[in-house]
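Q: Structure file start-v7.cif, mmCIF, C-alpha atoms, is pasted below:
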```cif
data_data
#
loop_
_atom_site.label_atom_id
_atom_site.label_comp_id
_atom_site.auth_asym_id
_atom_site.auth_seq_id
_atom_site.Cartn_x
_atom_site.Cartn_y
_atom_site.Cartn_z
CA ASP A 85 -90.36 -18.58 286.96
CA ASP A 86 -88.32 -20.00 289.82
CA GLY A 87 -85.90 -17.05 289.82
CA THR A 88 -82.79 -18.82 288.53
CA TRP A 89 -81.33 -17.48 285.32
CA PRO A 90 -80.58 -20.88 283.72
CA GLU A 91 -84.20 -22.00 284.16
CA ALA A 92 -85.47 -18.62 282.93
CA LEU A 93 -83.20 -18.85 279.87
CA SER A 94 -84.36 -22.40 279.19
CA SER A 95 -88.00 -21.24 279.36
CA THR A 96 -87.26 -18.34 277.01
CA LEU A 97 -85.54 -20.69 274.56
CA LEU A 98 -88.54 -23.04 274.67
CA GLU A 99 -90.86 -20.11 273.97
CA GLN A 100 -88.72 -18.94 271.03
CA HIS A 101 -88.43 -22.48 269.62
CA THR A 102 -92.20 -22.90 269.89
CA LYS A 103 -92.86 -19.59 268.10
CA ARG A 104 -90.43 -20.56 265.34
CA TYR A 105 -92.05 -23.99 265.03
CA TRP A 106 -95.53 -22.51 264.55
CA LYS A 107 -94.22 -19.90 262.12
CA LEU A 108 -92.60 -22.67 260.01
CA HIS A 109 -95.69 -24.82 260.35
CA LEU A 110 -97.91 -22.01 259.03
CA TRP A 111 -95.46 -21.32 256.19
CA HIS A 112 -95.51 -25.04 255.30
CA GLU A 113 -99.33 -25.14 255.33
CA GLN A 114 -99.47 -22.10 253.03
CA ALA A 115 -96.96 -23.73 250.65
CA VAL A 116 -99.07 -26.93 250.60
CA ARG A 117 -102.20 -24.87 249.89
CA ARG A 118 -100.44 -23.13 246.96
CA GLN A 119 -99.22 -26.49 245.67
CA LEU A 120 -102.75 -27.95 245.81
CA ASP A 121 -104.34 -24.83 244.25
CA GLN A 122 -101.79 -24.70 241.41
CA PRO A 123 -100.63 -28.27 240.76
CA THR A 124 -97.39 -28.76 238.86
CA PRO A 125 -97.09 -31.83 236.62
CA GLY A 126 -94.66 -34.35 238.13
CA ALA A 127 -94.55 -32.59 241.55
CA LYS A 128 -94.23 -34.75 244.62
CA PRO A 129 -97.27 -34.90 246.91
CA PRO A 130 -97.15 -32.63 249.97
CA VAL A 131 -95.43 -34.01 253.06
CA LYS A 132 -97.03 -33.66 256.48
CA PHE A 133 -95.20 -31.17 258.74
CA SER A 134 -93.31 -32.83 261.61
CA SER A 135 -94.45 -32.60 265.23
CA PHE A 136 -92.45 -30.30 267.53
CA SER A 137 -90.67 -33.11 269.40
CA ASN A 138 -90.05 -35.44 266.44
CA LYS A 139 -86.33 -36.30 266.61
CA ASP A 140 -86.26 -37.14 262.88
CA GLY A 141 -88.22 -34.05 261.84
CA TYR A 142 -88.38 -30.63 263.45
CA THR A 143 -86.63 -31.70 266.69
CA GLY A 144 -87.54 -28.77 268.92
CA ALA A 145 -85.09 -29.80 271.62
CA VAL A 146 -84.34 -27.16 274.26
CA PRO A 147 -81.43 -27.34 276.73
CA SER A 148 -82.45 -27.63 280.38
CA GLY A 149 -81.58 -25.02 282.98
CA ASN A 150 -79.14 -27.49 284.60
CA TYR A 151 -77.35 -28.00 281.28
CA LEU A 152 -77.08 -24.24 280.66
CA ALA A 153 -75.77 -23.67 284.20
CA SER A 154 -73.21 -26.46 283.71
CA VAL A 155 -71.99 -24.99 280.41
CA CYS A 156 -71.70 -21.52 281.96
CA LYS A 157 -69.81 -22.87 284.98
CA ASP A 158 -67.44 -24.90 282.80
CA TYR A 159 -66.82 -21.91 280.54
CA SER A 160 -66.21 -19.59 283.49
CA GLU A 161 -63.75 -22.03 285.00
CA SER A 162 -61.96 -22.47 281.67
CA ILE A 163 -61.37 -18.73 281.20
CA GLY A 164 -60.66 -18.01 284.89
CA PRO A 165 -56.85 -18.24 284.62
CA TYR A 166 -56.87 -15.94 281.59
CA LEU A 167 -59.06 -13.39 283.39
CA ASP A 168 -56.84 -13.56 286.48
CA LYS A 169 -53.80 -12.74 284.31
CA GLU A 170 -55.64 -9.82 282.71
CA VAL A 171 -56.62 -8.42 286.12
CA LYS A 172 -53.04 -8.69 287.39
CA LYS A 173 -51.72 -6.97 284.24
CA ARG A 174 -53.71 -3.95 285.28
CA GLY A 175 -52.16 -3.87 288.73
CA ALA A 176 -55.00 -5.43 290.75
CA GLU A 177 -54.31 -8.23 293.20
CA MET A 178 -57.76 -9.77 292.95
CA THR A 179 -61.12 -9.15 291.31
CA GLY A 180 -63.89 -7.35 293.18
CA LEU A 181 -65.85 -10.55 293.78
CA ASN A 182 -62.81 -12.38 295.10
CA ALA A 183 -62.01 -9.43 297.35
CA LEU A 184 -65.58 -9.46 298.70
CA LEU A 185 -65.49 -13.21 299.32
CA GLU A 186 -62.09 -12.91 300.97
CA TYR A 187 -63.48 -10.19 303.27
CA ILE A 188 -66.49 -12.36 304.17
CA CYS A 189 -64.18 -15.31 304.89
CA LYS A 190 -62.12 -13.17 307.24
CA LEU A 191 -65.33 -12.13 309.03
CA CYS A 192 -66.44 -15.76 309.36
CA THR A 193 -63.20 -17.46 310.27
CA GLY A 194 -60.90 -14.65 311.35
CA ALA A 195 -58.40 -15.74 308.68
CA SER A 196 -57.94 -15.76 304.95
CA CYS A 197 -59.84 -18.43 303.08
CA PRO A 198 -57.62 -21.43 302.36
CA GLY A 199 -59.49 -22.45 299.19
CA LYS A 200 -59.89 -20.79 295.81
CA TRP A 201 -63.70 -21.01 295.85
CA HIS A 202 -64.26 -19.66 299.39
CA ASN A 203 -66.27 -22.69 300.51
CA CYS A 204 -65.72 -21.87 304.17
CA CYS A 205 -68.54 -19.30 304.22
CA ILE A 206 -70.82 -20.43 301.42
CA ASP A 207 -73.81 -20.83 303.80
CA LEU A 208 -73.39 -17.25 305.01
CA VAL A 209 -73.14 -15.92 301.46
CA ARG A 210 -76.28 -17.86 300.45
CA SER A 211 -78.23 -16.56 303.42
CA ILE A 212 -77.17 -12.97 302.68
CA ALA A 213 -78.16 -13.40 299.02
CA THR A 214 -81.54 -14.84 300.04
CA GLU A 215 -82.24 -11.99 302.45
CA CYS A 216 -81.24 -9.36 299.87
CA ALA A 217 -83.34 -10.87 297.06
CA PRO A 218 -86.49 -8.90 296.19
#
```
Write the structure described by the file as structure tokens, please.
A:
Amino acid sequence: DDGTWPEALSSTLLEQHTKRYWKLHLWHEQAVRRQLDQPTPGAKPPVKFSSFSNKDGYTGAVPSGNYLASVCKDYSESIGPYLDKEVKKRGAEMTGLNALLEYICKLCTGASCPGKWHNCCIDLVRSIATECAP
């Protein structure tokens, strides 16, 4: 575990896909055994169960951590304007995270951050996050 949630989620998905694959594989083997023990006239012969990574069979594809992070970022950006409107409806000027980043920017530069994403102090924020991590 490298500590990033997208990679951790990708690993968890791989684990769950693998468990499901082996459960289906065992179920298939039991069905083949029943078919061989009690043959039915005109029944098709048993088919071999697909390998985990066979793109034409089971296809146990798992999204990478980078892909999951990209989807989350795109989704967050797509709903950002809606969330901003909802926050303002309730009388707030900015969300708690934006307020914190704005405060950090003022500490770094002595002025409000000119950009929406507070890039002026990203190195400081990363270093604080690294120091605070367990």
Q: Here's the selection I'm unsure about, the PyMOL selection byres ((chain A and resi 109) around 10); applied to the file above, which residues does it give, as a short mmCIF file (atom, residue, chain, number, x, y, z; two decimals) with C-alpha atoms, keeping the file's coordinate frame?
A:
```cif
data_model
loop_
_atom_site.label_atom_id
_atom_site.label_comp_id
_atom_site.auth_asym_id
_atom_site.auth_seq_id
_atom_site.Cartn_x
_atom_site.Cartn_y
_atom_site.Cartn_z
CA LYS A 103 -92.86 -19.59 268.10
CA ARG A 104 -90.43 -20.56 265.34
CA TYR A 105 -92.05 -23.99 265.03
CA TRP A 106 -95.53 -22.51 264.55
CA LYS A 107 -94.22 -19.90 262.12
CA LEU A 108 -92.60 -22.67 260.01
CA LEU A 110 -97.91 -22.01 259.03
CA TRP A 111 -95.46 -21.32 256.19
CA HIS A 112 -95.51 -25.04 255.30
CA GLU A 113 -99.33 -25.14 255.33
CA GLN A 114 -99.47 -22.10 253.03
CA ALA A 115 -96.96 -23.73 250.65
CA LYS A 132 -97.03 -33.66 256.48
CA PHE A 133 -95.20 -31.17 258.74
CA SER A 134 -93.31 -32.83 261.61
CA SER A 135 -94.45 -32.60 265.23
CA PHE A 136 -92.45 -30.30 267.53
CA TYR A 142 -88.38 -30.63 263.45
#
```
Q: So how many Å separate atom CA of A:Leu98 and atom CA of A:Arg117, to one decimal?
A: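 Between these atoms lies a distance of 28.4 Å.
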Q: For this file, the PyMOL selection byres ((chain A and resi 146) around 8) selects which residues, as a list in words?
A: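 Against this file, the PyMOL selection byres ((chain A and resi 146) around 8) returns the residues Ser94, Leu97, Leu98, His101, Gly144, Ala145, Pro147 and Ser148 of chain A.
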Q: Find the residues near A:Glu91: any atom within 12 Å, counting only C-alpha atoms, skip ones fewer than 2 places away on the same chain, and give them as a compact mmCIF listing (two decimals) with C-alpha atoms, in the frame of the given file.
A:
```txt
# COMPACT_ATOMS: atom_id res chain seq x y z
CA ASP A 85 -90.36 -18.58 286.96
CA ASP A 86 -88.32 -20.00 289.82
CA GLY A 87 -85.90 -17.05 289.82
CA THR A 88 -82.79 -18.82 288.53
CA TRP A 89 -81.33 -17.48 285.32
CA LEU A 93 -83.20 -18.85 279.87
CA SER A 94 -84.36 -22.40 279.19
CA SER A 95 -88.00 -21.24 279.36
CA THR A 96 -87.26 -18.34 277.01
CA LEU A 97 -85.54 -20.69 274.56
CA LEU A 98 -88.54 -23.04 274.67
CA VAL A 146 -84.34 -27.16 274.26
CA PRO A 147 -81.43 -27.34 276.73
CA SER A 148 -82.45 -27.63 280.38
CA GLY A 149 -81.58 -25.02 282.98
CA ASN A 150 -79.14 -27.49 284.60
CA TYR A 151 -77.35 -28.00 281.28
CA LEU A 152 -77.08 -24.24 280.66
CA ALA A 153 -75.77 -23.67 284.20
CA SER A 154 -73.21 -26.46 283.71
```
Q: Expressed in Å to a single decimal, how great is the separation between atom CA of A:Glu99 and atom CA of A:Tyr159?
A: 25.0 Å
Q: Rounded to one decimal place, report the atom CA of A:Lys173-atom CA of A:Cys156 distance in Å.
A: 24.8 Å
Q: Of the candidates A:Lys157, A:Leu120, A:Pro130, A:Thr143, which shows the shortest atom-to-atom distance to A:Pro90, using only C-alpha atoms?
A: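 Smallest distance to A:Pro90 is found for A:Lys157.
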